[in-house]
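Data file: upload33.cif. Format and content: mmCIF, C-alpha atoms (C1' of nucleotides).
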data_target
loop_
_atom_site.group_PDB
_atom_site.id
_atom_site.type_symbol
_atom_site.label_atom_id
_atom_site.label_comp_id
_atom_site.auth_asym_id
_atom_site.auth_seq_id
_atom_site.Cartn_x
_atom_site.Cartn_y
_atom_site.Cartn_z
ATOM 1 C CA MET A 1 0.000 0.000 0.000
ATOM 2 C CA ALA A 2 0.949 3.573 -0.491
ATOM 3 C CA THR A 3 0.632 4.226 3.209
ATOM 4 C CA SER A 4 4.036 2.709 3.850
ATOM 5 C CA THR A 5 5.849 4.796 1.290
ATOM 6 C CA ALA A 6 7.383 7.211 3.741
ATOM 7 C CA ALA A 7 8.344 4.495 6.185
ATOM 8 C CA ALA A 8 9.860 2.411 3.424
ATOM 9 C CA ARG A 9 11.882 5.288 2.124
ATOM 10 C CA ARG A 10 12.991 6.052 5.609
ATOM 11 C CA GLU A 11 14.109 2.526 6.255
ATOM 12 C CA GLU A 12 15.884 2.513 2.947
ATOM 13 C CA ALA A 13 17.684 5.703 3.817
ATOM 14 C CA ARG A 14 18.725 4.355 7.163
ATOM 15 C CA PHE A 15 19.968 1.203 5.535
ATOM 16 C CA ALA A 16 21.949 3.224 3.049
ATOM 17 C CA TYR A 17 23.455 5.211 5.888
ATOM 18 C CA ASP A 18 24.421 2.098 7.793
ATOM 19 C CA ALA A 19 25.950 0.695 4.651
ATOM 20 C CA PHE A 20 27.913 3.874 4.296
ATOM 21 C CA LEU A 21 29.194 3.566 7.811
ATOM 22 C CA LYS A 22 30.394 0.056 7.125
ATOM 23 C CA GLU A 23 32.009 0.999 3.874
ATOM 24 C CA CYS A 24 33.523 4.138 5.292
ATOM 25 C CA PRO A 25 34.547 3.279 8.842
ATOM 26 C CA THR A 26 36.877 6.215 8.862
ATOM 27 C CA GLY A 27 33.913 8.525 8.948
ATOM 28 C CA GLN A 28 32.630 6.612 11.943
ATOM 29 C CA LEU A 29 35.908 6.961 13.754
ATOM 30 C CA LEU A 30 36.165 10.590 12.765
ATOM 31 C CA ALA A 31 32.715 11.251 14.171
ATOM 32 C CA ARG A 32 33.758 9.646 17.424
ATOM 33 C CA ILE A 33 36.903 11.715 17.661
ATOM 34 C CA SER A 34 34.955 14.832 16.826
ATOM 35 C CA ASP A 35 32.928 14.414 19.954
ATOM 36 C CA LYS A 36 32.842 17.443 22.192
ATOM 37 C CA TRP A 37 33.892 15.628 25.333
ATOM 38 C CA VAL A 38 36.499 13.489 23.638
ATOM 39 C CA GLY A 39 38.354 16.578 22.563
ATOM 40 C CA LEU A 40 38.225 18.143 25.988
ATOM 41 C CA ILE A 41 39.164 14.992 27.871
ATOM 42 C CA VAL A 42 41.999 13.960 25.603
ATOM 43 C CA SER A 43 43.543 17.399 25.577
ATOM 44 C CA ALA A 44 43.144 17.693 29.338
ATOM 45 C CA LEU A 45 44.895 14.365 29.724
ATOM 46 C CA GLY A 46 47.547 15.389 27.238
ATOM 47 C CA GLU A 47 48.360 18.486 29.248
ATOM 48 C CA ALA A 48 48.680 16.563 32.475
ATOM 49 C CA ASP A 49 52.075 15.872 33.973
ATOM 50 C CA ASP A 50 52.141 12.167 33.506
ATOM 51 C CA ARG A 51 49.447 12.133 30.868
ATOM 52 C CA SER A 52 47.306 10.668 33.606
ATOM 53 C CA MET A 53 44.642 12.063 35.866
ATOM 54 C CA ARG A 54 42.234 10.948 38.504
ATOM 55 C CA TYR A 55 38.581 10.663 37.702
ATOM 56 C CA SER A 56 37.518 13.494 39.943
ATOM 57 C CA ASP A 57 40.335 15.728 38.777
ATOM 58 C CA LEU A 58 39.103 15.332 35.246
ATOM 59 C CA GLY A 59 35.623 16.240 36.380
ATOM 60 C CA ARG A 60 36.958 19.358 38.025
ATOM 61 C CA LYS A 61 39.197 20.327 35.148
ATOM 62 C CA ILE A 62 36.378 20.120 32.639
ATOM 63 C CA PRO A 63 33.538 22.330 33.817
ATOM 64 C CA GLY A 64 30.129 21.443 32.554
ATOM 65 C CA VAL A 65 30.708 17.730 32.197
ATOM 66 C CA SER A 66 28.399 15.395 34.062
ATOM 67 C CA GLN A 67 29.505 12.208 35.734
ATOM 68 C CA LYS A 68 27.576 10.291 33.174
ATOM 69 C CA MET A 69 29.285 11.796 30.173
ATOM 70 C CA LEU A 70 32.658 11.621 31.828
ATOM 71 C CA THR A 71 32.312 7.929 32.573
ATOM 72 C CA GLN A 72 30.731 7.175 29.241
ATOM 73 C CA THR A 73 33.375 8.990 27.248
ATOM 74 C CA LEU A 74 36.208 7.483 29.254
ATOM 75 C CA ARG A 75 34.752 4.028 28.682
ATOM 76 C CA SER A 76 34.616 4.496 24.953
ATOM 77 C CA LEU A 77 38.142 5.882 24.944
ATOM 78 C CA GLU A 78 39.290 2.872 26.931
ATOM 79 C CA ARG A 79 37.508 0.565 24.537
ATOM 80 C CA ASP A 80 39.250 2.236 21.639
ATOM 81 C CA GLY A 81 42.604 1.794 23.318
ATOM 82 C CA LEU A 82 43.239 5.501 23.701
ATOM 83 C CA VAL A 83 43.333 5.519 27.481
ATOM 84 C CA THR A 84 44.040 2.941 30.158
ATOM 85 C CA ARG A 85 42.215 2.657 33.434
ATOM 86 C CA HIS A 86 44.252 1.949 36.556
ATOM 87 C CA VAL A 87 42.438 1.130 39.751
ATOM 88 C CA THR A 88 44.282 1.480 43.027
ATOM 89 C CA PRO A 89 42.276 -0.491 45.586
ATOM 90 C CA THR A 90 42.991 1.735 48.543
ATOM 91 C CA VAL A 91 40.239 2.481 51.005
ATOM 92 C CA PRO A 92 38.784 5.355 49.115
ATOM 93 C CA VAL A 93 39.204 3.865 45.709
ATOM 94 C CA ARG A 94 41.549 5.723 43.420
ATOM 95 C CA VAL A 95 41.183 5.486 39.685
ATOM 96 C CA ASP A 96 43.607 6.996 37.216
ATOM 97 C CA TYR A 97 43.122 7.378 33.520
ATOM 98 C CA ARG A 98 46.168 7.616 31.356
ATOM 99 C CA LEU A 99 46.698 8.251 27.680
ATOM 100 C CA THR A 100 48.211 5.360 25.796
ATOM 101 C CA ASP A 101 50.772 6.016 23.095
ATOM 102 C CA LEU A 102 47.970 5.810 20.606
ATOM 103 C CA GLY A 103 45.982 8.299 22.614
ATOM 104 C CA SER A 104 48.977 10.583 22.906
ATOM 105 C CA SER A 105 49.438 10.670 19.176
ATOM 106 C CA LEU A 106 45.857 11.791 18.832
ATOM 107 C CA GLY A 107 46.292 14.157 21.751
ATOM 108 C CA CYS A 108 49.022 16.000 19.890
ATOM 109 C CA LEU A 109 46.715 16.645 16.973
ATOM 110 C CA LEU A 110 43.815 17.676 19.167
ATOM 111 C CA SER A 111 45.910 20.046 21.200
ATOM 112 C CA SER A 112 47.135 21.646 18.005
ATOM 113 C CA VAL A 113 43.493 22.203 17.163
ATOM 114 C CA LYS A 114 42.979 23.609 20.626
ATOM 115 C CA ILE A 115 45.917 25.941 20.161
ATOM 116 C CA TRP A 116 44.470 26.998 16.832
ATOM 117 C CA ALA A 117 41.230 27.826 18.609
ATOM 118 C CA GLU A 118 43.094 29.904 21.167
ATOM 119 C CA ASN A 119 45.088 31.784 18.570
ATOM 120 C CA HIS A 120 42.262 32.519 16.220
ATOM 121 C CA PHE A 121 39.449 33.083 18.619
ATOM 122 C CA ASP A 122 39.531 36.863 18.379
ATOM 123 C CA GLU A 123 39.627 36.647 14.625
ATOM 124 C CA VAL A 124 36.570 34.409 14.584
ATOM 125 C CA SER A 125 34.937 36.679 17.088
ATOM 126 C CA ALA A 126 35.503 39.686 14.843
ATOM 127 C CA HIS A 127 33.976 37.853 11.902
ATOM 128 C CA ARG A 128 30.963 37.027 14.016
ATOM 129 C CA ASP A 129 30.447 40.646 14.934
ATOM 130 C CA THR A 130 30.657 41.702 11.327
ATOM 131 C CA TYR A 131 28.253 38.993 10.275
ATOM 132 C CA ASP A 132 25.775 39.788 13.022
ATOM 133 C CA ARG A 133 25.872 43.496 12.321
ATOM 134 C CA ALA A 134 25.215 42.883 8.654
ATOM 135 C CA ALA A 135 22.300 40.648 9.562
ATOM 136 C CA ALA A 136 20.900 43.198 11.992
ATOM 137 C CA ALA A 137 21.059 45.920 9.352
ATOM 138 C CA SER A 138 18.631 44.052 7.140
ATOM 139 C CA MET B 139 11.886 28.310 50.179
ATOM 140 C CA ALA B 140 13.082 24.767 50.352
ATOM 141 C CA THR B 141 10.719 23.728 47.597
ATOM 142 C CA SER B 142 12.841 25.482 45.010
ATOM 143 C CA THR B 143 16.093 23.921 46.067
ATOM 144 C CA ALA B 144 16.480 21.751 43.001
ATOM 145 C CA ALA B 145 15.466 24.499 40.612
ATOM 146 C CA ALA B 146 17.737 26.961 42.318
ATOM 147 C CA ARG B 147 20.663 24.623 42.163
ATOM 148 C CA ARG B 148 19.943 24.003 38.540
ATOM 149 C CA GLU B 149 19.796 27.670 37.728
ATOM 150 C CA GLU B 150 22.952 28.229 39.658
ATOM 151 C CA ALA B 151 24.676 25.494 37.750
ATOM 152 C CA ARG B 152 23.541 26.914 34.446
ATOM 153 C CA PHE B 153 24.772 30.310 35.484
ATOM 154 C CA ALA B 154 28.110 28.873 36.443
ATOM 155 C CA TYR B 155 28.310 27.148 33.100
ATOM 156 C CA ASP B 156 27.544 30.334 31.224
ATOM 157 C CA ALA B 157 30.158 32.119 33.254
ATOM 158 C CA PHE B 158 32.613 29.437 32.310
ATOM 159 C CA LEU B 159 31.817 29.903 28.660
ATOM 160 C CA LYS B 160 32.512 33.589 28.933
ATOM 161 C CA GLU B 161 35.701 33.086 30.829
ATOM 162 C CA CYS B 162 36.836 30.261 28.639
ATOM 163 C CA PRO B 163 35.624 31.063 25.140
ATOM 164 C CA THR B 164 38.197 28.719 23.757
ATOM 165 C CA GLY B 165 36.163 25.826 24.994
ATOM 166 C CA GLN B 166 33.185 27.222 23.185
ATOM 167 C CA LEU B 167 35.080 27.536 19.950
ATOM 168 C CA LEU B 168 36.591 24.113 20.431
ATOM 169 C CA ALA B 169 33.156 22.609 20.885
ATOM 170 C CA ARG B 170 32.014 24.229 17.663
ATOM 171 C CA ILE B 171 34.990 22.914 15.749
ATOM 172 C CA SER B 172 34.453 19.491 17.207
ATOM 173 C CA ASP B 173 31.082 19.277 15.544
ATOM 174 C CA LYS B 174 30.568 16.206 13.441
ATOM 175 C CA TRP B 175 29.468 18.033 10.309
ATOM 176 C CA VAL B 176 32.013 20.812 10.662
ATOM 177 C CA GLY B 177 34.794 18.280 10.445
ATOM 178 C CA LEU B 178 33.319 16.555 7.432
ATOM 179 C CA ILE B 179 32.453 19.744 5.557
ATOM 180 C CA VAL B 180 35.730 21.494 6.184
ATOM 181 C CA SER B 181 37.784 18.500 5.176
ATOM 182 C CA ALA B 182 35.616 17.959 2.105
ATOM 183 C CA LEU B 183 36.160 21.573 1.154
ATOM 184 C CA GLY B 184 39.846 21.300 1.909
ATOM 185 C CA GLU B 185 40.201 18.367 -0.462
ATOM 186 C CA ALA B 186 38.419 20.189 -3.257
ATOM 187 C CA ASP B 187 40.379 21.545 -6.208
ATOM 188 C CA ASP B 188 39.859 25.203 -5.559
ATOM 189 C CA ARG B 189 38.886 24.768 -1.916
ATOM 190 C CA SER B 190 35.421 25.571 -3.125
ATOM 191 C CA MET B 191 32.362 23.485 -3.843
ATOM 192 C CA ARG B 192 28.782 23.908 -4.825
ATOM 193 C CA TYR B 193 26.052 23.360 -2.304
ATOM 194 C CA SER B 194 24.671 20.254 -3.954
ATOM 195 C CA ASP B 195 28.128 18.806 -4.513
ATOM 196 C CA LEU B 196 28.759 19.056 -0.818
ATOM 197 C CA GLY B 197 25.479 17.293 -0.156
ATOM 198 C CA ARG B 198 26.498 14.495 -2.471
ATOM 199 C CA LYS B 199 30.020 14.218 -1.139
ATOM 200 C CA ILE B 200 28.889 13.876 2.438
ATOM 201 C CA PRO B 201 26.457 10.987 2.708
ATOM 202 C CA GLY B 202 23.997 11.145 5.529
ATOM 203 C CA VAL B 203 23.831 14.897 5.827
ATOM 204 C CA SER B 204 20.439 16.534 5.543
ATOM 205 C CA GLN B 205 19.803 19.824 3.767
ATOM 206 C CA LYS B 206 19.022 21.344 7.092
ATOM 207 C CA MET B 207 22.295 20.416 8.717
ATOM 208 C CA LEU B 208 24.260 21.309 5.635
ATOM 209 C CA THR B 209 22.769 24.784 5.434
ATOM 210 C CA GLN B 210 22.937 25.288 9.159
ATOM 211 C CA THR B 211 26.563 24.242 9.424
ATOM 212 C CA LEU B 212 27.589 26.288 6.405
ATOM 213 C CA ARG B 213 25.880 29.326 7.896
ATOM 214 C CA SER B 214 27.747 28.996 11.149
ATOM 215 C CA LEU B 215 31.001 28.490 9.293
ATOM 216 C CA GLU B 216 30.302 31.580 7.249
ATOM 217 C CA ARG B 217 29.485 33.499 10.385
ATOM 218 C CA ASP B 218 32.779 32.438 11.892
ATOM 219 C CA GLY B 219 34.621 33.572 8.796
ATOM 220 C CA LEU B 220 35.808 30.097 7.874
ATOM 221 C CA VAL B 221 34.010 29.919 4.548
ATOM 222 C CA THR B 222 32.688 32.464 2.099
ATOM 223 C CA ARG B 223 29.434 32.171 0.254
ATOM 224 C CA HIS B 224 29.467 33.207 -3.362
ATOM 225 C CA VAL B 225 26.216 33.464 -5.281
ATOM 226 C CA THR B 226 26.238 33.434 -9.065
ATOM 227 C CA PRO B 227 22.861 34.793 -10.159
ATOM 228 C CA THR B 228 22.456 32.631 -13.219
ATOM 229 C CA VAL B 229 19.064 31.204 -14.058
ATOM 230 C CA PRO B 230 19.399 28.163 -11.901
ATOM 231 C CA VAL B 231 21.143 29.874 -9.053
ATOM 232 C CA ARG B 232 24.632 28.672 -8.378
ATOM 233 C CA VAL B 233 26.113 28.956 -4.931
ATOM 234 C CA ASP B 234 29.699 28.141 -4.128
ATOM 235 C CA TYR B 235 31.227 27.795 -0.705
ATOM 236 C CA ARG B 236 34.911 28.372 -0.379
ATOM 237 C CA LEU B 237 37.325 28.036 2.492
ATOM 238 C CA THR B 238 38.894 31.295 3.588
ATOM 239 C CA ASP B 239 42.539 31.390 4.577
ATOM 240 C CA LEU B 240 41.397 31.061 8.150
ATOM 241 C CA GLY B 241 39.286 28.068 7.202
ATOM 242 C CA SER B 242 42.156 26.535 5.290
ATOM 243 C CA SER B 243 44.440 26.749 8.260
ATOM 244 C CA LEU B 244 41.870 24.855 10.277
ATOM 245 C CA GLY B 245 41.307 22.486 7.387
ATOM 246 C CA CYS B 246 44.940 21.433 7.505
ATOM 247 C CA LEU B 247 44.618 20.448 11.129
ATOM 248 C CA LEU B 248 41.341 18.640 10.628
ATOM 249 C CA SER B 249 42.610 16.688 7.680
ATOM 250 C CA SER B 250 45.610 15.622 9.722
ATOM 251 C CA VAL B 251 43.109 14.295 12.238
ATOM 252 C CA LYS B 252 41.278 12.584 9.425
ATOM 253 C CA ILE B 253 44.513 11.015 8.222
ATOM 254 C CA TRP B 254 45.195 9.870 11.761
ATOM 255 C CA ALA B 255 41.802 8.209 11.809
ATOM 256 C CA GLU B 256 42.547 6.437 8.545
ATOM 257 C CA ASN B 257 45.954 5.256 9.665
ATOM 258 C CA HIS B 258 44.941 4.029 13.085
ATOM 259 C CA PHE B 259 41.526 2.661 12.401
ATOM 260 C CA ASP B 260 42.602 -0.966 12.362
ATOM 261 C CA GLU B 261 44.528 -0.474 15.570
ATOM 262 C CA VAL B 262 41.488 1.002 17.269
ATOM 263 C CA SER B 263 39.394 -1.762 15.832
ATOM 264 C CA ALA B 264 41.704 -4.384 17.312
ATOM 265 C CA HIS B 265 41.491 -2.735 20.715
ATOM 266 C CA ARG B 266 37.727 -2.783 20.481
ATOM 267 C CA ASP B 267 37.677 -6.477 19.769
ATOM 268 C CA THR B 268 39.925 -7.186 22.722
ATOM 269 C CA TYR B 269 37.826 -5.027 24.989
ATOM 270 C CA ASP B 270 34.577 -6.569 23.855
ATOM 271 C CA ARG B 271 35.880 -10.098 24.238
ATOM 272 C CA ALA B 272 37.057 -9.342 27.763
ATOM 273 C CA ALA B 273 33.650 -7.900 28.582
ATOM 274 C CA ALA B 274 31.856 -10.898 27.117
ATOM 275 C CA ALA B 275 33.984 -13.261 29.183
ATOM 276 C CA SER B 276 32.702 -11.793 32.406
ATOM 277 C "C1'" DC C 277 35.662 8.099 45.796
ATOM 278 C "C1'" DG C 278 34.029 6.228 41.696
ATOM 279 C "C1'" DG C 279 30.816 4.685 39.687
ATOM 280 C "C1'" DT C 280 25.768 2.587 38.073
ATOM 281 C "C1'" DA C 281 20.725 2.897 37.291
ATOM 282 C "C1'" DT C 282 16.814 5.633 36.526
ATOM 283 C "C1'" DC C 283 13.990 9.199 34.931
ATOM 284 C "C1'" DC C 284 13.137 13.172 32.191
ATOM 285 C "C1'" DT C 285 14.012 17.165 29.384
ATOM 286 C "C1'" DT C 286 16.061 19.212 25.493
ATOM 287 C "C1'" DG C 287 17.424 19.877 21.115
ATOM 288 C "C1'" DG C 288 19.692 17.799 17.249
ATOM 289 C "C1'" DT C 289 18.126 15.531 13.243
ATOM 290 C "C1'" DG C 290 15.479 14.069 9.342
ATOM 291 C "C1'" DA C 291 11.146 14.135 6.386
ATOM 292 C "C1'" DT C 292 8.144 16.942 3.985
ATOM 293 C "C1'" DA C 293 6.442 20.722 1.643
ATOM 294 C "C1'" DC C 294 6.860 25.367 -0.138
ATOM 295 C "C1'" DT C 295 9.495 29.772 -2.172
ATOM 296 C "C1'" DG C 296 12.383 32.458 -5.467
ATOM 297 C "C1'" DC D 297 19.073 24.786 -7.731
ATOM 298 C "C1'" DA D 298 19.324 26.506 -3.223
ATOM 299 C "C1'" DG D 299 17.339 27.325 0.194
ATOM 300 C "C1'" DT D 300 13.350 28.212 4.256
ATOM 301 C "C1'" DA D 301 9.716 26.626 7.395
ATOM 302 C "C1'" DT D 302 7.336 23.302 9.932
ATOM 303 C "C1'" DC D 303 6.545 19.120 12.281
ATOM 304 C "C1'" DA D 304 7.726 14.896 14.520
ATOM 305 C "C1'" DC D 305 10.937 11.878 16.569
ATOM 306 C "C1'" DC D 306 14.357 9.839 19.104
ATOM 307 C "C1'" DA D 307 18.515 9.607 21.338
ATOM 308 C "C1'" DA D 308 22.075 12.419 23.709
ATOM 309 C "C1'" DG D 309 22.697 14.476 27.774
ATOM 310 C "C1'" DG D 310 21.732 16.163 32.597
ATOM 311 C "C1'" DA D 311 19.720 15.555 37.390
ATOM 312 C "C1'" DT D 312 18.944 12.510 40.932
ATOM 313 C "C1'" DA D 313 19.399 8.781 43.835
ATOM 314 C "C1'" DC D 314 21.557 4.740 45.082
ATOM 315 C "C1'" DC D 315 25.703 0.949 45.381
ATOM 316 C "C1'" DG D 316 30.667 -0.996 46.432
#
Output the file's structure as structure tokens, nothing else.
Amino acid sequence: MATSTAAARREEARFAYDAFLKECPTGQLLARISDKWVGLIVSALGEADDRSMRYSDLGRKIPGVSQKMLTQTLRSLERDGLVTRHVTPTVPVRVDYRLTDLGSSLGCLLSSVKIWAENHFDEVSAHRDTYDRAAAAS
Amino acid sequence: MATSTAAARREEARFAYDAFLKECPTGQLLARISDKWVGLIVSALGEADDRSMRYSDLGRKIPGVSQKMLTQTLRSLERDGLVTRHVTPTVPVRVDYRLTDLGSSLGCLLSSVKIWAENHFDEVSAHRDTYDRAAAAS
DNA sequence: CGGTATCCTTGGTGATACTG
DNA sequence: CAGTATCACCAAGGATACCG
């Protein structure tokens, strides 16, 4: 029936997208890396002394992150082999997360992006003002 | 009143977060750069011959992107001065988006990240398998 | 301290249709 | 062709409370 046209097309589109993801896994990985929290966590870890930090220190260093996202992101990073999780079974448990060599290599790139952001922020800001003023003048 | 404790705390937290954004605009910019579509669009544009592409070519080159997201992302990039929008008023209107020098400098960094993703994908994949097998063995 | 489980809101995202 | 506008949806993300 024609009633299922939209649904069918939708399913088809989703299938095509999934197929794309399988054929182009790089895009998948790139999307993961391009995650907001991944960038912040990895660069925070990269700036740390020993490339390692405690869970709560990370939470403090990255304002605005919830426990959930912190844990979730760290888990996925651990799964991807970018960080390692070291548990010290003292009385108050201590957990450290440390960048692996793989993670460090990514960390270098991400911190260069971060540095770019720092260096060009005022420039971007100026462009925004210009753009907004032009829009307001309409 | 005690009844508004949760709401108050929430508002306070939001305020603190906004304050953070103002004090640390770099994070804001970093979050914007770390957008999924920003990465894909900028690197697509960076790989183009003249660093410029037509709207519909971009849509075709980046599978899975909707018109909405494409337009929206391009607008924000234009606002930030990373791309320019050039309209050729022919009969079927032709619109080209081109990376600015600022955008190109970011494009270099993002494509290095993309290259990293390509080079290390199998490594990450291997880590994932190991991790998943360990989890399944529990 | 370092999580996990639960609920709930928000907004990102896509489908559709319409304009110039 | 290149948008804009609207709706509808679902999953990401945050708040909260509870374990080890």
Within 10 Å of chain B, which residues of chain C are there when counting only C-alpha atoms (C1' of nucleotides)? Please give them as a tab-separated table (two decimals) with C-alpha atoms (C1' of nucleotides), in the frame of the given file.
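Result file is out.tsv:
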chain	number	residue	atom	x	y	z
C	288	DG	C1'	19.69	17.80	17.25
C	289	DT	C1'	18.13	15.53	13.24
C	290	DG	C1'	15.48	14.07	9.34
C	291	DA	C1'	11.15	14.14	6.39
C	296	DG	C1'	12.38	32.46	-5.47
Distance criterion (only C-alpha atoms): nearest to Glu216 in chain B out of B:Val180, B:Val229, B:Cys246, B:Val262: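 The answer is B:Val180, which sits nearest to Glu216 in chain B.
Residues within 7 Å of Thr84 in chain A, counting all atoms listed in the file and excluding same-chain residues fewer than 6 positions away, are A:Glu78, A:Tyr97, A:Arg98, A:Leu99, A:Thr100.
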Would you output that residue set with C-alpha atoms, as a PDB file, in the frame of the given file?
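The result, written out as result_31.pdb:
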ATOM      1  CA  GLU A  78      39.290   2.872  26.931  1.00  0.00           C
ATOM      2  CA  TYR A  97      43.122   7.378  33.520  1.00  0.00           C
ATOM      3  CA  ARG A  98      46.168   7.616  31.356  1.00  0.00           C
ATOM      4  CA  LEU A  99      46.698   8.251  27.680  1.00  0.00           C
ATOM      5  CA  THR A 100      48.211   5.360  25.796  1.00  0.00           C
TER       6      THR A 100
END
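The two atoms in question, CA of Arg217 in chain B and CA of Arg232 in chain B, are spaced 20.0 Å apart.
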If you take all atoms listed in the file and a cut-off of 9 Å, which residues of chain B touch chain A, and what are their nearest atom pairs and distances in Å to one decimal, in chain and number order, as a tab-separated table?
residue	atom	partner	partner_atom	distance
B:Ala151	CA	A:Gly64	CA	8.6
B:Arg152	CA	A:Gly64	CA	8.8
B:Ala154	CA	A:Gly64	CA	8.6
B:Tyr155	CA	A:Gly64	CA	6.0
B:Phe158	CA	A:Pro63	CA	7.3
B:Pro163	CA	A:Phe121	CA	7.8
B:Thr164	CA	A:Glu118	CA	5.7
B:Gly165	CA	A:Leu40	CA	8.0
B:Leu167	CA	A:Ala117	CA	6.3
B:Leu168	CA	A:Ala117	CA	6.2
B:Ala169	CA	A:Lys36	CA	5.3
B:Arg170	CA	A:Lys36	CA	8.2
B:Ile171	CA	A:Ser34	CA	8.2
B:Ser172	CA	A:Ser34	CA	4.7
B:Asp173	CA	A:Ser34	CA	6.0
B:Lys174	CA	A:Ala31	CA	5.4
B:Trp175	CA	A:Ala31	CA	8.5
B:Gly177	CA	A:Ser34	CA	7.3
B:Leu178	CA	A:Gly27	CA	8.2
B:Pro201	CA	A:Tyr17	CA	7.2
B:Gly202	CA	A:Tyr17	CA	6.0
B:Glu216	CA	A:Tyr131	CA	8.3
B:Arg217	CA	A:Arg128	CA	5.3
B:Asp218	CA	A:Val124	CA	5.1
B:Gly219	CA	A:His127	CA	5.3
B:Leu220	CA	A:Val124	CA	8.0
B:Leu240	CA	A:His120	CA	8.2
B:Ser243	CA	A:Trp116	CA	8.6
B:Leu244	CA	A:Trp116	CA	7.4
B:Leu247	CA	A:Val113	CA	6.4
B:Leu248	CA	A:Val113	CA	7.7
B:Ser250	CA	A:Leu109	CA	7.4
B:Val251	CA	A:Leu109	CA	6.4
B:Lys252	CA	A:Leu30	CA	6.4
B:Trp254	CA	A:Leu106	CA	7.4
B:Ala255	CA	A:Thr26	CA	6.1
B:Glu256	CA	A:Thr26	CA	5.7
B:His258	CA	A:Leu102	CA	8.3
B:Phe259	CA	A:Thr26	CA	6.8
B:Glu261	CA	A:Gly81	CA	8.3
B:Val262	CA	A:Asp80	CA	5.1
B:Ser263	CA	A:Asp80	CA	7.1
B:Ala264	CA	A:Asp80	CA	8.3
B:His265	CA	A:Gly81	CA	5.3
B:Arg266	CA	A:Arg79	CA	5.3
B:Asp267	CA	A:Arg79	CA	8.5
B:Thr268	CA	A:Arg79	CA	8.3
B:Tyr269	CA	A:Arg79	CA	5.6
B:Asp270	CA	A:Arg79	CA	7.7
Please write the residues from the selection above to a file, keeping C-alpha atoms, as a tab-separated table (two decimals), in the frame of the given file.
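Once written, part22.tsv looks like this:
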chain	number	residue	atom	x	y	z
B	151	ALA	CA	24.68	25.49	37.75
B	152	ARG	CA	23.54	26.91	34.45
B	154	ALA	CA	28.11	28.87	36.44
B	155	TYR	CA	28.31	27.15	33.10
B	158	PHE	CA	32.61	29.44	32.31
B	163	PRO	CA	35.62	31.06	25.14
B	164	THR	CA	38.20	28.72	23.76
B	165	GLY	CA	36.16	25.83	24.99
B	167	LEU	CA	35.08	27.54	19.95
B	168	LEU	CA	36.59	24.11	20.43
B	169	ALA	CA	33.16	22.61	20.88
B	170	ARG	CA	32.01	24.23	17.66
B	171	ILE	CA	34.99	22.91	15.75
B	172	SER	CA	34.45	19.49	17.21
B	173	ASP	CA	31.08	19.28	15.54
B	174	LYS	CA	30.57	16.21	13.44
B	175	TRP	CA	29.47	18.03	10.31
B	177	GLY	CA	34.79	18.28	10.44
B	178	LEU	CA	33.32	16.56	7.43
B	201	PRO	CA	26.46	10.99	2.71
B	202	GLY	CA	24.00	11.14	5.53
B	216	GLU	CA	30.30	31.58	7.25
B	217	ARG	CA	29.48	33.50	10.38
B	218	ASP	CA	32.78	32.44	11.89
B	219	GLY	CA	34.62	33.57	8.80
B	220	LEU	CA	35.81	30.10	7.87
B	240	LEU	CA	41.40	31.06	8.15
B	243	SER	CA	44.44	26.75	8.26
B	244	LEU	CA	41.87	24.86	10.28
B	247	LEU	CA	44.62	20.45	11.13
B	248	LEU	CA	41.34	18.64	10.63
B	250	SER	CA	45.61	15.62	9.72
B	251	VAL	CA	43.11	14.30	12.24
B	252	LYS	CA	41.28	12.58	9.43
B	254	TRP	CA	45.20	9.87	11.76
B	255	ALA	CA	41.80	8.21	11.81
B	256	GLU	CA	42.55	6.44	8.54
B	258	HIS	CA	44.94	4.03	13.08
B	259	PHE	CA	41.53	2.66	12.40
B	261	GLU	CA	44.53	-0.47	15.57
B	262	VAL	CA	41.49	1.00	17.27
B	263	SER	CA	39.39	-1.76	15.83
B	264	ALA	CA	41.70	-4.38	17.31
B	265	HIS	CA	41.49	-2.74	20.72
B	266	ARG	CA	37.73	-2.78	20.48
B	267	ASP	CA	37.68	-6.48	19.77
B	268	THR	CA	39.92	-7.19	22.72
B	269	TYR	CA	37.83	-5.03	24.99
B	270	ASP	CA	34.58	-6.57	23.86
Enumerate, as a list in words, the protein, DNA and RNA residues whose atoms approach (29.5, 1.4, 45.5) to within 12 Å, taking into account all atoms listed in the file and the coordinate frame of the file. Pro92 and Val93 of chain A; DC277, DG278, DG279 and DT280 of chain C; DC314, DC315 and DG316 of chain D
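Across the model, the gap from CA of Arg192 in chain B to CA of Asp234 in chain B is 4.4 Å.
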